[in-house]
$ cat work32.cif   # mmCIF, C-alpha atoms
data_final
loop_
_atom_site.label_atom_id
_atom_site.label_comp_id
_atom_site.auth_asym_id
_atom_site.auth_seq_id
_atom_site.Cartn_x
_atom_site.Cartn_y
_atom_site.Cartn_z
CA MET J 1 96.36 -157.69 41.77
CA LYS J 2 99.54 -157.93 39.69
CA VAL J 3 101.00 -155.21 37.45
CA LEU J 4 103.84 -155.24 34.93
CA ILE J 5 105.88 -152.00 34.92
CA ILE J 6 107.94 -151.27 31.80
CA THR J 7 110.63 -148.70 32.58
CA TYR J 8 114.03 -147.86 31.15
CA TYR J 9 115.20 -146.00 34.26
CA TRP J 10 115.81 -148.26 37.24
CA PRO J 11 118.63 -148.46 39.79
CA PRO J 12 121.56 -148.15 39.40
CA ALA J 13 120.31 -145.35 37.10
CA GLY J 14 120.61 -141.97 38.76
CA GLY J 15 118.85 -138.70 38.12
CA SER J 16 115.20 -137.71 38.33
CA GLY J 17 113.82 -140.24 35.82
CA VAL J 18 114.26 -143.21 38.17
CA GLN J 19 112.62 -141.78 41.29
CA ARG J 20 108.93 -141.88 40.35
CA TRP J 21 108.51 -145.61 39.71
CA LEU J 22 111.13 -146.72 42.20
CA LYS J 23 109.01 -145.07 44.89
CA PHE J 24 105.71 -146.41 43.54
CA VAL J 25 107.16 -149.93 43.54
CA LYS J 26 108.41 -149.41 47.08
CA TYR J 27 104.86 -148.82 48.39
CA LEU J 28 102.53 -150.70 46.01
CA GLN J 29 102.55 -153.96 47.98
CA GLY J 30 101.10 -152.09 50.94
CA PHE J 31 97.99 -151.57 48.82
CA ASP J 32 97.67 -155.23 47.76
CA ILE J 33 99.29 -154.72 44.37
CA GLU J 34 102.22 -156.91 43.34
CA PRO J 35 104.62 -155.10 40.98
CA VAL J 36 106.76 -156.89 38.39
CA VAL J 37 109.42 -154.60 36.91
CA TYR J 38 110.77 -154.99 33.37
CA THR J 39 113.89 -152.96 32.67
CA VAL J 40 117.19 -153.00 30.80
CA ASP J 41 120.15 -155.16 31.62
CA GLY J 42 123.17 -152.85 31.54
CA GLY J 43 121.54 -149.62 30.36
CA SER J 44 123.73 -146.74 29.15
CA TYR J 45 122.67 -144.31 31.87
CA PRO J 46 124.10 -140.78 31.72
CA LYS J 47 124.30 -140.83 35.54
CA GLU J 48 124.41 -143.68 38.04
CA ASP J 49 123.55 -143.75 41.75
CA ILE J 50 124.20 -147.15 43.31
CA SER J 51 122.79 -145.90 46.64
CA LEU J 52 119.30 -146.28 45.12
CA LEU J 53 119.70 -150.06 44.88
CA LYS J 54 118.96 -150.36 48.59
CA GLU J 55 115.46 -148.95 47.99
CA VAL J 56 114.39 -151.75 45.65
CA PRO J 57 112.15 -154.17 47.60
CA LYS J 58 113.89 -157.54 47.97
CA ASN J 59 110.80 -159.65 47.29
CA ILE J 60 109.70 -158.27 43.91
CA GLU J 61 110.29 -159.87 40.53
CA ILE J 62 112.59 -157.93 38.21
CA LEU J 63 112.83 -158.96 34.56
CA LYS J 64 115.79 -157.75 32.53
CA GLN J 65 116.77 -157.83 28.88
CA PRO J 66 119.92 -156.51 27.19
CA ILE J 67 119.55 -153.46 25.00
CA TRP J 68 121.53 -152.18 22.03
CA GLU J 69 121.81 -148.41 22.25
CA PRO J 70 123.35 -146.32 19.48
CA THR J 71 123.72 -143.49 22.02
CA ALA J 72 126.22 -145.61 23.94
CA VAL J 73 128.52 -145.12 20.96
CA LEU J 74 127.42 -141.65 19.87
CA PHE J 75 126.97 -139.71 23.11
CA TRP J 76 128.34 -141.38 26.23
CA LYS J 77 131.37 -143.52 26.93
CA LYS J 78 131.82 -145.15 30.31
CA ASN J 79 135.35 -143.85 30.77
CA LYS J 80 134.48 -140.23 30.12
CA GLU J 81 134.17 -138.06 33.19
CA GLN J 82 130.74 -138.65 34.77
CA LYS J 83 129.50 -139.82 31.37
CA LYS J 84 129.21 -136.15 30.53
CA GLY J 85 126.06 -135.74 28.70
CA VAL J 86 122.59 -134.63 29.37
CA SER J 87 122.79 -130.89 29.87
CA ASN J 88 125.00 -130.43 26.79
CA VAL J 89 123.63 -133.17 24.57
CA GLY J 90 122.04 -130.68 22.16
CA LYS J 91 125.37 -128.98 21.45
CA ASN J 92 126.49 -131.52 18.85
CA GLY J 93 124.51 -130.54 15.78
CA LEU J 94 125.09 -133.64 13.67
CA LEU J 95 124.52 -136.17 16.46
CA SER J 96 121.40 -134.32 17.60
CA PHE J 97 120.06 -134.28 14.04
CA VAL J 98 120.68 -138.04 13.70
CA ARG J 99 119.04 -138.66 17.09
CA GLY J 100 115.95 -136.63 16.19
CA ASN J 101 115.38 -137.87 12.65
CA PHE J 102 116.58 -141.46 12.52
CA PHE J 103 115.69 -142.80 16.00
CA ILE J 104 111.95 -142.17 16.42
CA PRO J 105 110.68 -141.67 19.03
CA ASP J 106 114.10 -142.23 20.68
CA PRO J 107 117.17 -144.49 20.43
CA LYS J 108 115.47 -147.11 22.64
CA ILE J 109 113.29 -148.03 19.65
CA PHE J 110 115.61 -150.98 18.97
CA TRP J 111 114.53 -152.50 22.28
CA VAL J 112 110.82 -152.60 21.37
CA GLN J 113 110.61 -155.81 19.33
CA PRO J 114 112.96 -157.90 21.52
CA SER J 115 111.01 -156.72 24.57
CA VAL J 116 107.63 -157.61 23.10
CA LYS J 117 108.90 -161.08 22.25
CA PHE J 118 110.42 -161.58 25.72
CA LEU J 119 107.40 -160.24 27.63
CA GLN J 120 104.92 -162.20 25.53
CA LYS J 121 106.57 -165.41 26.72
CA TYR J 122 106.24 -164.14 30.28
CA LEU J 123 102.57 -163.24 29.82
CA ASP J 124 101.84 -166.66 28.36
CA LYS J 125 102.84 -168.19 31.70
CA ASN J 126 101.89 -165.46 34.19
CA GLU J 127 98.69 -163.56 34.82
CA ILE J 128 99.02 -159.77 34.75
CA ASP J 129 96.09 -157.43 35.44
CA VAL J 130 97.55 -154.12 34.20
CA ILE J 131 100.53 -153.20 32.05
CA ILE J 132 102.21 -149.91 32.95
CA SER J 133 104.64 -148.03 30.72
CA THR J 134 106.50 -144.89 31.73
CA GLY J 135 108.25 -142.42 29.44
CA PRO J 136 110.43 -140.80 28.39
CA PRO J 137 111.93 -142.69 26.71
CA HIS J 138 108.58 -143.03 24.98
CA SER J 139 109.58 -146.28 23.25
CA MET J 140 108.43 -147.90 26.50
CA HIS J 141 104.85 -147.03 25.52
CA LEU J 142 105.27 -148.76 22.17
CA ILE J 143 106.21 -151.99 23.96
CA ALA J 144 103.09 -151.78 26.12
CA GLN J 145 100.88 -150.88 23.17
CA LYS J 146 101.87 -154.01 21.25
CA LEU J 147 101.36 -156.20 24.32
CA GLN J 148 97.95 -154.69 25.01
CA LYS J 149 96.79 -155.49 21.46
CA LYS J 150 97.98 -159.09 21.66
CA ASN J 151 96.67 -159.87 25.14
CA ASN J 152 93.69 -157.61 25.82
CA ILE J 153 95.19 -156.45 29.12
CA LYS J 154 94.43 -153.04 30.62
CA TRP J 155 97.16 -150.49 30.00
CA LEU J 156 98.21 -147.38 31.93
CA ALA J 157 100.64 -145.06 30.09
CA ASP J 158 102.58 -142.73 32.40
CA PHE J 159 103.92 -139.51 30.86
CA ARG J 160 106.54 -137.94 33.13
CA ASP J 161 107.12 -135.41 30.32
CA PRO J 162 105.35 -134.55 27.07
CA TRP J 163 106.24 -136.38 23.86
CA SER J 164 106.03 -134.30 20.67
CA ASN J 165 105.88 -131.08 22.72
CA LEU J 166 108.95 -131.85 24.84
CA TYR J 167 110.92 -128.61 25.10
CA TYR J 168 114.34 -129.97 24.05
CA ASN J 169 112.97 -131.54 20.84
CA LYS J 170 114.02 -128.33 19.06
CA ASP J 171 117.66 -129.28 19.59
CA PHE J 172 117.12 -132.32 17.39
CA LYS J 173 116.32 -130.19 14.31
CA GLN J 174 113.56 -132.61 13.35
CA LEU J 175 112.38 -132.58 9.74
CA SER J 176 108.65 -132.57 9.04
CA PHE J 177 108.48 -136.33 8.48
CA ALA J 178 110.06 -136.95 11.92
CA LYS J 179 107.71 -134.51 13.64
CA ASN J 180 104.70 -136.11 11.96
CA LYS J 181 105.80 -139.62 12.88
CA ASN J 182 106.25 -138.61 16.51
CA ARG J 183 102.79 -137.02 16.59
CA LYS J 184 101.25 -140.11 15.02
CA LEU J 185 102.92 -142.47 17.49
CA GLU J 186 101.97 -140.24 20.41
CA ALA J 187 98.35 -140.01 19.28
CA ALA J 188 98.09 -143.80 19.00
CA VAL J 189 99.38 -144.22 22.56
CA LEU J 190 97.05 -141.57 23.98
CA GLU J 191 94.03 -142.96 22.14
CA ASN J 192 94.64 -146.64 22.95
CA ALA J 193 95.80 -146.54 26.56
CA ASP J 194 93.00 -147.33 29.02
CA CYS J 195 94.34 -144.55 31.22
CA VAL J 196 97.01 -141.90 30.76
CA LEU J 197 98.81 -140.79 33.90
CA THR J 198 100.79 -137.55 34.10
CA VAL J 199 102.41 -135.17 36.57
CA SER J 200 100.53 -131.87 36.27
CA ASN J 201 97.10 -130.45 35.53
CA SER J 202 98.34 -128.49 32.51
CA LEU J 203 99.67 -131.68 30.91
CA LYS J 204 96.36 -133.35 31.70
CA GLU J 205 94.52 -130.71 29.69
CA GLU J 206 96.89 -131.23 26.77
CA PHE J 207 96.50 -135.02 26.77
CA LEU J 208 92.71 -134.91 27.16
CA GLN J 209 92.50 -133.68 23.57
CA LYS J 210 93.17 -137.27 22.47
CA ALA J 211 93.05 -139.59 25.50
CA LYS J 212 89.81 -141.03 26.87
CA ARG J 213 90.95 -140.86 30.50
CA VAL J 214 93.76 -138.83 32.08
CA GLU J 215 94.70 -138.82 35.76
CA VAL J 216 97.25 -136.68 37.58
CA ILE J 217 99.69 -137.92 40.20
CA THR J 218 102.52 -135.47 40.81
CA ASN J 219 106.00 -136.43 41.82
CA GLY J 220 106.74 -136.25 45.52
CA PHE J 221 109.10 -136.79 48.44
CA ASP J 222 109.90 -139.81 50.57
CA ASP J 223 111.09 -140.63 54.08
CA GLU J 224 114.78 -140.07 53.36
CA VAL J 225 114.18 -136.32 52.95
CA LEU J 226 112.41 -136.25 56.32
CA ALA J 227 115.20 -138.03 58.21
CA SER J 228 116.17 -135.84 61.15
CA LYS J 229 119.93 -135.53 60.71
CA SER J 230 121.40 -132.52 62.44
CA ILE J 231 122.00 -130.02 59.65
CA ILE J 232 123.90 -126.77 60.09
CA LEU J 233 122.88 -124.08 57.65
CA ASP J 234 125.51 -122.60 55.38
CA SER J 235 127.13 -119.57 56.99
CA LYS J 236 127.25 -117.81 53.63
CA PHE J 237 124.16 -116.47 51.86
CA SER J 238 123.96 -119.66 49.80
CA ILE J 239 121.56 -119.99 46.88
CA SER J 240 121.64 -123.64 45.84
CA TYR J 241 120.39 -125.32 42.70
CA ILE J 242 120.18 -129.11 42.75
CA GLY J 243 119.60 -131.14 39.60
CA LEU J 244 119.99 -131.01 35.84
CA LEU J 245 120.33 -127.47 34.50
CA PRO J 246 119.96 -127.41 30.68
CA LYS J 247 120.45 -124.32 28.54
CA GLN J 248 116.66 -123.85 28.26
CA SER J 249 116.61 -123.06 32.00
CA ASN J 250 119.62 -120.72 31.93
CA PRO J 251 118.55 -117.90 34.31
CA LYS J 252 120.32 -115.02 32.56
CA LEU J 253 118.20 -112.37 34.29
CA PHE J 254 118.96 -113.90 37.69
CA PHE J 255 122.70 -113.61 37.08
CA LYS J 256 122.29 -110.05 35.81
CA VAL J 257 120.40 -109.06 38.97
CA LEU J 258 123.00 -110.72 41.20
CA LYS J 259 125.75 -108.81 39.40
CA GLU J 260 123.91 -105.53 40.07
CA LEU J 261 123.38 -106.37 43.74
CA CYS J 262 127.06 -107.29 44.13
CA THR J 263 128.06 -103.96 42.57
CA GLU J 264 125.67 -101.98 44.77
CA ASN J 265 126.40 -103.77 48.06
CA LEU J 266 129.87 -105.09 48.91
CA ASP J 267 128.49 -107.06 51.88
CA PHE J 268 126.13 -108.87 49.51
CA LYS J 269 129.08 -109.74 47.25
CA LYS J 270 131.08 -111.09 50.21
CA ASP J 271 128.16 -113.12 51.55
CA LEU J 272 126.86 -114.57 48.28
CA GLN J 273 127.56 -118.22 47.53
CA LEU J 274 126.00 -119.93 44.48
CA ASN J 275 126.00 -123.74 44.67
CA PHE J 276 125.26 -125.88 41.61
CA ILE J 277 124.85 -129.56 42.40
CA GLY J 278 124.28 -131.68 39.30
CA ASP J 279 124.84 -131.60 35.57
CA ILE J 280 125.11 -127.94 34.53
CA SER J 281 125.18 -126.81 30.90
CA ASP J 282 128.11 -124.86 29.50
CA GLU J 283 125.79 -121.95 28.61
CA VAL J 284 124.96 -121.49 32.29
CA LYS J 285 128.63 -121.49 33.25
CA GLU J 286 129.35 -118.92 30.55
CA ALA J 287 126.54 -116.67 31.85
CA ILE J 288 128.01 -116.88 35.36
CA THR J 289 131.47 -115.92 34.11
CA SER J 290 130.20 -113.02 31.97
CA ASN J 291 128.41 -111.57 35.02
CA TYR J 292 131.57 -111.79 37.15
CA LEU J 293 130.07 -114.33 39.54
CA GLY J 294 132.78 -116.96 39.13
CA GLU J 295 134.31 -116.28 42.55
CA ASN J 296 130.88 -116.69 44.17
CA SER J 297 130.05 -119.96 42.43
CA ARG J 298 130.76 -123.61 43.21
CA PHE J 299 130.09 -126.48 40.78
CA LEU J 300 129.87 -129.68 42.77
CA GLY J 301 128.86 -132.04 39.95
CA TYR J 302 126.53 -134.99 40.19
CA VAL J 303 126.16 -136.43 43.70
CA SER J 304 124.17 -139.30 45.21
CA HIS J 305 120.53 -138.73 46.13
CA ASP J 306 121.39 -138.81 49.83
CA LYS J 307 124.06 -136.14 49.38
CA ALA J 308 121.72 -133.99 47.27
CA ILE J 309 119.20 -133.98 50.15
CA GLU J 310 121.92 -132.79 52.51
CA TYR J 311 122.75 -129.85 50.23
CA GLN J 312 119.05 -128.94 50.03
CA LYS J 313 118.66 -128.78 53.80
CA LYS J 314 121.73 -126.66 54.51
CA ALA J 315 121.09 -124.05 51.80
CA GLN J 316 119.90 -120.61 52.83
CA VAL J 317 117.79 -120.41 49.64
CA LEU J 318 116.76 -123.07 47.11
CA LEU J 319 116.71 -122.01 43.47
CA LEU J 320 114.12 -123.63 41.19
CA LEU J 321 114.21 -123.00 37.44
CA ILE J 322 111.56 -123.77 34.85
CA PRO J 323 112.66 -123.90 31.18
CA ASN J 324 111.79 -120.68 29.35
CA VAL J 325 109.95 -122.45 26.52
CA GLU J 326 106.44 -122.73 25.11
CA ASN J 327 103.87 -124.76 27.06
CA ASN J 328 105.89 -124.58 30.29
CA LYS J 329 102.96 -123.99 32.66
CA GLY J 330 102.71 -127.74 33.28
CA ILE J 331 106.40 -128.34 33.97
CA LEU J 332 106.90 -129.48 37.56
CA THR J 333 110.43 -130.62 38.26
CA GLY J 334 110.60 -133.59 40.62
CA LYS J 335 113.04 -131.63 42.78
CA LEU J 336 110.25 -129.23 43.81
CA PHE J 337 108.68 -131.73 46.18
CA GLU J 338 111.92 -132.48 47.97
CA TYR J 339 112.58 -128.75 48.18
CA LEU J 340 109.26 -128.41 50.02
CA THR J 341 110.43 -130.69 52.82
CA ALA J 342 113.82 -128.98 53.23
CA LYS J 343 112.02 -126.08 54.95
CA ARG J 344 114.18 -123.54 53.16
CA PRO J 345 112.75 -120.63 51.13
CA ILE J 346 112.25 -121.47 47.45
CA LEU J 347 113.04 -118.83 44.86
CA ALA J 348 111.59 -119.99 41.55
CA ILE J 349 111.94 -118.42 38.12
CA GLY J 350 109.18 -119.47 35.76
CA PRO J 351 105.62 -118.71 34.69
CA GLU J 352 103.79 -116.77 37.40
CA ILE J 353 100.57 -118.54 36.40
CA GLY J 354 100.87 -122.33 36.21
CA ASP J 355 101.13 -125.53 38.21
CA LEU J 356 104.32 -124.49 40.01
CA ALA J 357 102.90 -121.15 41.14
CA THR J 358 99.76 -122.89 42.44
CA ILE J 359 101.76 -125.39 44.52
CA LEU J 360 104.08 -122.75 45.97
CA GLU J 361 101.07 -120.68 46.98
CA GLU J 362 99.24 -123.66 48.51
CA THR J 363 102.29 -124.72 50.51
CA ASN J 364 103.56 -121.26 51.49
CA ALA J 365 107.05 -122.46 50.53
CA GLY J 366 108.36 -119.67 48.32
CA VAL J 367 107.80 -117.33 45.40
CA VAL J 368 107.89 -117.63 41.63
CA VAL J 369 109.06 -114.68 39.51
CA ASN J 370 108.45 -114.45 35.77
CA PHE J 371 111.41 -114.78 33.39
CA ASP J 372 111.47 -111.08 32.43
CA ASN J 373 110.36 -109.41 35.69
CA GLU J 374 113.70 -107.87 36.64
CA GLU J 375 112.33 -105.37 39.14
CA ARG J 376 110.46 -108.00 41.16
CA LEU J 377 113.33 -110.48 41.05
CA LYS J 378 115.72 -107.87 42.45
CA LEU J 379 113.22 -106.97 45.17
CA GLU J 380 112.64 -110.60 46.19
CA ILE J 381 116.36 -111.38 46.41
CA SER J 382 116.95 -108.18 48.41
CA LEU J 383 114.16 -109.07 50.87
CA ILE J 384 115.49 -112.61 51.29
CA TYR J 385 118.99 -111.26 51.88
CA GLN J 386 117.75 -108.80 54.54
CA LYS J 387 116.11 -111.71 56.40
CA TYR J 388 119.35 -113.68 56.16
CA LYS J 389 121.33 -110.79 57.65
CA THR J 390 118.92 -110.56 60.60
CA ASN J 391 118.72 -114.36 61.15
CA LYS J 392 115.04 -114.39 60.17
CA LEU J 393 115.29 -116.41 56.97
CA THR J 394 112.85 -119.23 57.68
CA VAL J 395 109.86 -120.82 55.97
CA SER J 396 106.83 -122.65 57.30
CA SER J 397 105.67 -125.05 54.61
CA ILE J 398 102.07 -126.26 54.90
CA ASN J 399 99.88 -128.81 53.08
CA ILE J 400 102.83 -130.90 51.91
CA GLN J 401 101.89 -134.32 53.34
CA LYS J 402 99.74 -135.14 50.29
CA TYR J 403 102.97 -135.21 48.25
CA HIS J 404 104.50 -138.04 50.31
CA ARG J 405 105.28 -140.97 48.01
CA LYS J 406 103.15 -143.34 50.10
CA GLU J 407 100.13 -141.06 49.79
CA LEU J 408 100.70 -140.72 46.05
CA THR J 409 100.98 -144.51 45.69
CA LYS J 410 97.64 -144.85 47.46
CA ASN J 411 96.14 -142.70 44.68
CA LEU J 412 97.89 -144.84 42.05
CA ALA J 413 96.52 -148.03 43.60
CA PHE J 414 92.99 -146.62 43.42
CA ILE J 415 93.43 -145.83 39.70
CA LEU J 416 94.90 -149.26 38.93
CA LYS J 417 92.10 -151.09 40.71
CA SER J 418 89.48 -148.97 38.93
CA LEU J 419 90.80 -150.22 35.58
CA ASN J 420 89.77 -153.77 36.47
CA SER J 421 86.57 -153.01 38.33
#
$ encode --input "work32.cif" --output "structure tokens"
Amino acid sequence: MKVLIITYYWPPAGGSGVQRWLKFVKYLQGFDIEPVVYTVDGGSYPKEDISLLKEVPKNIEILKQPIWEPTAVLFWKKNKEQKKGVSNVGKNGLLSFVRGNFFIPDPKIFWVQPSVKFLQKYLDKNEIDVIISTGPPHSMHLIAQKLQKKNNIKWLADFRDPWSNLYYNKDFKQLSFAKNKNRKLEAAVLENADCVLTVSNSLKEEFLQKAKRVEVITNGFDDEVLASKSIILDSKFSISYIGLLPKQSNPKLFFKVLKELCTENLDFKKDLQLNFIGDISDEVKEAITSNYLGENSRFLGYVSHDKAIEYQKKAQVLLLLIPNVENNKGILTGKLFEYLTAKRPILAIGPEIGDLATILEETNAGVVVNFDNEERLKLEISLIYQKYKTNKLTVSSINIQKYHRKELTKNLAFILKSLNS
């Protein structure tokens, strides 16, 4: 069986968007499925991680086409520090307005027609059983949709995030015509795809309102997070956050509680170390400063995937933040599954009823506290700190093997083969 995967994010792209299909491609051949990857030649990625190139199987076919991206001019320039971008992209009102109202569904829309033309020539000469598109950017689905119509090939549309209900859409100040166009495009994809794939049960329920078939395969972890390097835990009471931290996830209550604990307990203040590894929004940094936590905080910037794993394993506590937005019960950050394998306690702030809470309960890996539950948050942090002081801060994760990327790819292979059965 042969599948064509249409993805914008591919090594050397860094960040969470690249991990899902890089890992699927890594394992698909073990289930008698040959992947062909179609991606951009020289994409304007906000972050790059060249260490991921070594994970791309040497024997697979990779098709590439140049792309013209207005965002390369408007948002990111290669010589700017770390291509500063994603966490603060909504701060520029005019650029965000242009992005949301003139590039629908996203600035990759200019790649759709050239891609259809290029891939049609490929399909004329090569037999493909299933076309796969993964978004965001959701323009990838539009490429697949046009190819499906022309060729009568089965199509699986993978939604790593919602489309019209994506939480940061509000930053784009979309006018009604833009919102309606997005909804119309999204509905056409959901209705025409032979199968919609997504990452959580809550998103599945949302997509089932229009799609004929929806399957769930979460994100997961891979062998590199299980590698047994000798790791020495941080001596400080370190609470580490790894990944993108946008303003919608700014944990203001968390910082307020930490400020109170520091005031009440000088030992806590001396021991506390907040580590932020990744792209952190300015609003978060301002909240840290206003709560007098600057001396206790380190901003380490974007690091390679390998280095991020190291920081996860040596942290005393891993902080997980869900955006405080509508429809957030289905948000499962990809980092969660790597956190599970680090065997460090997870302190999550998010909806106490939802997909995240279910997984943390099933795996015995940590707790989730609601956004406004100050009393419980203070209690949980105090309990964790007491265990740290008595060298009893450990966690015994269970039921995590089903989130290994190989196991998840096995589920994907079953779905793909069912489309042609």
$ closest_residue --input "work32.cif" --among "J:Ser44, J:Gln174, J:Gln120, J:Thr363" --to "Leu94 in chain J" --atoms "only C-alpha atoms"
J:Gln174
$ resolve_selection --input "work32.cif" --expression "the PyMOL selection byres ((chain J and resi 283-292) around 7)" --output "JSON, numbers by chain"
{"J": [247, 250, 252, 255, 256, 259, 280, 281, 282, 293, 294]}
$ write_last_selection --input "work32.cif" --atoms "C-alpha atoms" --output "PDB file, in the coordinates of the input"
ATOM      1  CA  LYS J 247     120.450-124.320  28.540  1.00  0.00           C
ATOM      2  CA  ASN J 250     119.620-120.720  31.930  1.00  0.00           C
ATOM      3  CA  LYS J 252     120.320-115.020  32.560  1.00  0.00           C
ATOM      4  CA  PHE J 255     122.700-113.610  37.080  1.00  0.00           C
ATOM      5  CA  LYS J 256     122.290-110.050  35.810  1.00  0.00           C
ATOM      6  CA  LYS J 259     125.750-108.810  39.400  1.00  0.00           C
ATOM      7  CA  ILE J 280     125.110-127.940  34.530  1.00  0.00           C
ATOM      8  CA  SER J 281     125.180-126.810  30.900  1.00  0.00           C
ATOM      9  CA  ASP J 282     128.110-124.860  29.500  1.00  0.00           C
ATOM     10  CA  LEU J 293     130.070-114.330  39.540  1.00  0.00           C
ATOM     11  CA  GLY J 294     132.780-116.960  39.130  1.00  0.00           C
TER      12      GLY J 294
END
$ residues_near_point --input "work32.cif" --point "(106.7, -136.5, 53.4)" --cutoff "12 Å" --atoms "all atoms listed in the file" --output "list in words"
Asn219, Gly220, Phe221, Asp222, Asp223, Glu224, Val225, Leu226, Ala227, Phe337, Glu338, Tyr339, Leu340, Thr341, Ala342, Lys343, Ser397, Ile398, Asn399, Ile400, Gln401, Lys402, Tyr403, His404, Arg405, Lys406, Glu407 and Leu408 of chain J
$ resolve_selection --input "work32.cif" --expression "the PyMOL selection byres ((chain J and resi 51-60) around 12)" --output "ChimeraX atom specification"
/J:2-5,9-16,18-19,21-30,33-38,48-50,61-63,222-224,303-308
$ atom_distance --input "work32.cif" --atom1 "CA of Val368 in chain J" --atom2 "CA of Ile384 in chain J"
13.3 Å
$ build_atoms --input "work32.cif" --residues "range 108-126 of chain J" --atoms "N, CA and C atoms" --output "PDB file, in the frame of the given file"
ATOM      1  N   LYS J 108     115.874-145.845  22.015  1.00  0.00           N
ATOM      2  CA  LYS J 108     115.470-147.110  22.640  1.00  0.00           C
ATOM      3  C   LYS J 108     114.507-147.898  21.754  1.00  0.00           C
ATOM      4  N   ILE J 109     114.213-147.376  20.567  1.00  0.00           N
ATOM      5  CA  ILE J 109     113.290-148.030  19.650  1.00  0.00           C
ATOM      6  C   ILE J 109     113.765-149.443  19.280  1.00  0.00           C
ATOM      7  N   PHE J 110     115.075-149.664  19.316  1.00  0.00           N
ATOM      8  CA  PHE J 110     115.610-150.980  18.970  1.00  0.00           C
ATOM      9  C   PHE J 110     115.327-152.039  20.031  1.00  0.00           C
ATOM     10  N   TRP J 111     114.849-151.588  21.175  1.00  0.00           N
ATOM     11  CA  TRP J 111     114.530-152.500  22.280  1.00  0.00           C
ATOM     12  C   TRP J 111     113.076-152.968  22.220  1.00  0.00           C
ATOM     13  N   VAL J 112     112.267-152.333  21.372  1.00  0.00           N
ATOM     14  CA  VAL J 112     110.820-152.600  21.370  1.00  0.00           C
ATOM     15  C   VAL J 112     110.519-154.042  20.973  1.00  0.00           C
ATOM     16  N   GLN J 113     110.965-154.463  19.806  1.00  0.00           N
ATOM     17  CA  GLN J 113     110.610-155.810  19.330  1.00  0.00           C
ATOM     18  C   GLN J 113     111.168-156.928  20.218  1.00  0.00           C
ATOM     19  N   PRO J 114     112.452-156.869  20.616  1.00  0.00           N
ATOM     20  CA  PRO J 114     112.960-157.900  21.520  1.00  0.00           C
ATOM     21  C   PRO J 114     112.191-157.943  22.845  1.00  0.00           C
ATOM     22  N   SER J 115     111.746-156.787  23.300  1.00  0.00           N
ATOM     23  CA  SER J 115     111.010-156.720  24.570  1.00  0.00           C
ATOM     24  C   SER J 115     109.617-157.334  24.436  1.00  0.00           C
ATOM     25  N   VAL J 116     108.964-157.038  23.330  1.00  0.00           N
ATOM     26  CA  VAL J 116     107.630-157.610  23.100  1.00  0.00           C
ATOM     27  C   VAL J 116     107.721-159.134  23.053  1.00  0.00           C
ATOM     28  N   LYS J 117     108.710-159.626  22.362  1.00  0.00           N
ATOM     29  CA  LYS J 117     108.900-161.080  22.250  1.00  0.00           C
ATOM     30  C   LYS J 117     109.174-161.701  23.626  1.00  0.00           C
ATOM     31  N   PHE J 118     110.052-161.079  24.393  1.00  0.00           N
ATOM     32  CA  PHE J 118     110.420-161.580  25.720  1.00  0.00           C
ATOM     33  C   PHE J 118     109.222-161.535  26.675  1.00  0.00           C
ATOM     34  N   LEU J 119     108.520-160.400  26.691  1.00  0.00           N
ATOM     35  CA  LEU J 119     107.400-160.240  27.630  1.00  0.00           C
ATOM     36  C   LEU J 119     106.191-161.076  27.240  1.00  0.00           C
ATOM     37  N   GLN J 120     106.031-161.337  25.949  1.00  0.00           N
ATOM     38  CA  GLN J 120     104.920-162.200  25.530  1.00  0.00           C
ATOM     39  C   GLN J 120     105.081-163.599  26.114  1.00  0.00           C
ATOM     40  N   LYS J 121     106.306-164.102  26.113  1.00  0.00           N
ATOM     41  CA  LYS J 121     106.570-165.410  26.720  1.00  0.00           C
ATOM     42  C   LYS J 121     106.246-165.391  28.209  1.00  0.00           C
ATOM     43  N   TYR J 122     106.549-164.274  28.853  1.00  0.00           N
ATOM     44  CA  TYR J 122     106.240-164.140  30.280  1.00  0.00           C
ATOM     45  C   TYR J 122     104.724-164.112  30.504  1.00  0.00           C
ATOM     46  N   LEU J 123     104.020-163.354  29.675  1.00  0.00           N
ATOM     47  CA  LEU J 123     102.570-163.240  29.820  1.00  0.00           C
ATOM     48  C   LEU J 123     101.852-164.551  29.522  1.00  0.00           C
ATOM     49  N   ASP J 124     102.430-165.358  28.664  1.00  0.00           N
ATOM     50  CA  ASP J 124     101.840-166.660  28.360  1.00  0.00           C
ATOM     51  C   ASP J 124     101.808-167.570  29.594  1.00  0.00           C
ATOM     52  N   LYS J 125     102.723-167.328  30.520  1.00  0.00           N
ATOM     53  CA  LYS J 125     102.840-168.190  31.700  1.00  0.00           C
ATOM     54  C   LYS J 125     102.404-167.519  33.004  1.00  0.00           C
ATOM     55  N   ASN J 126     102.209-166.205  32.971  1.00  0.00           N
ATOM     56  CA  ASN J 126     101.890-165.460  34.190  1.00  0.00           C
ATOM     57  C   ASN J 126     100.711-164.528  33.956  1.00  0.00           C
TER      58      ASN J 126
END
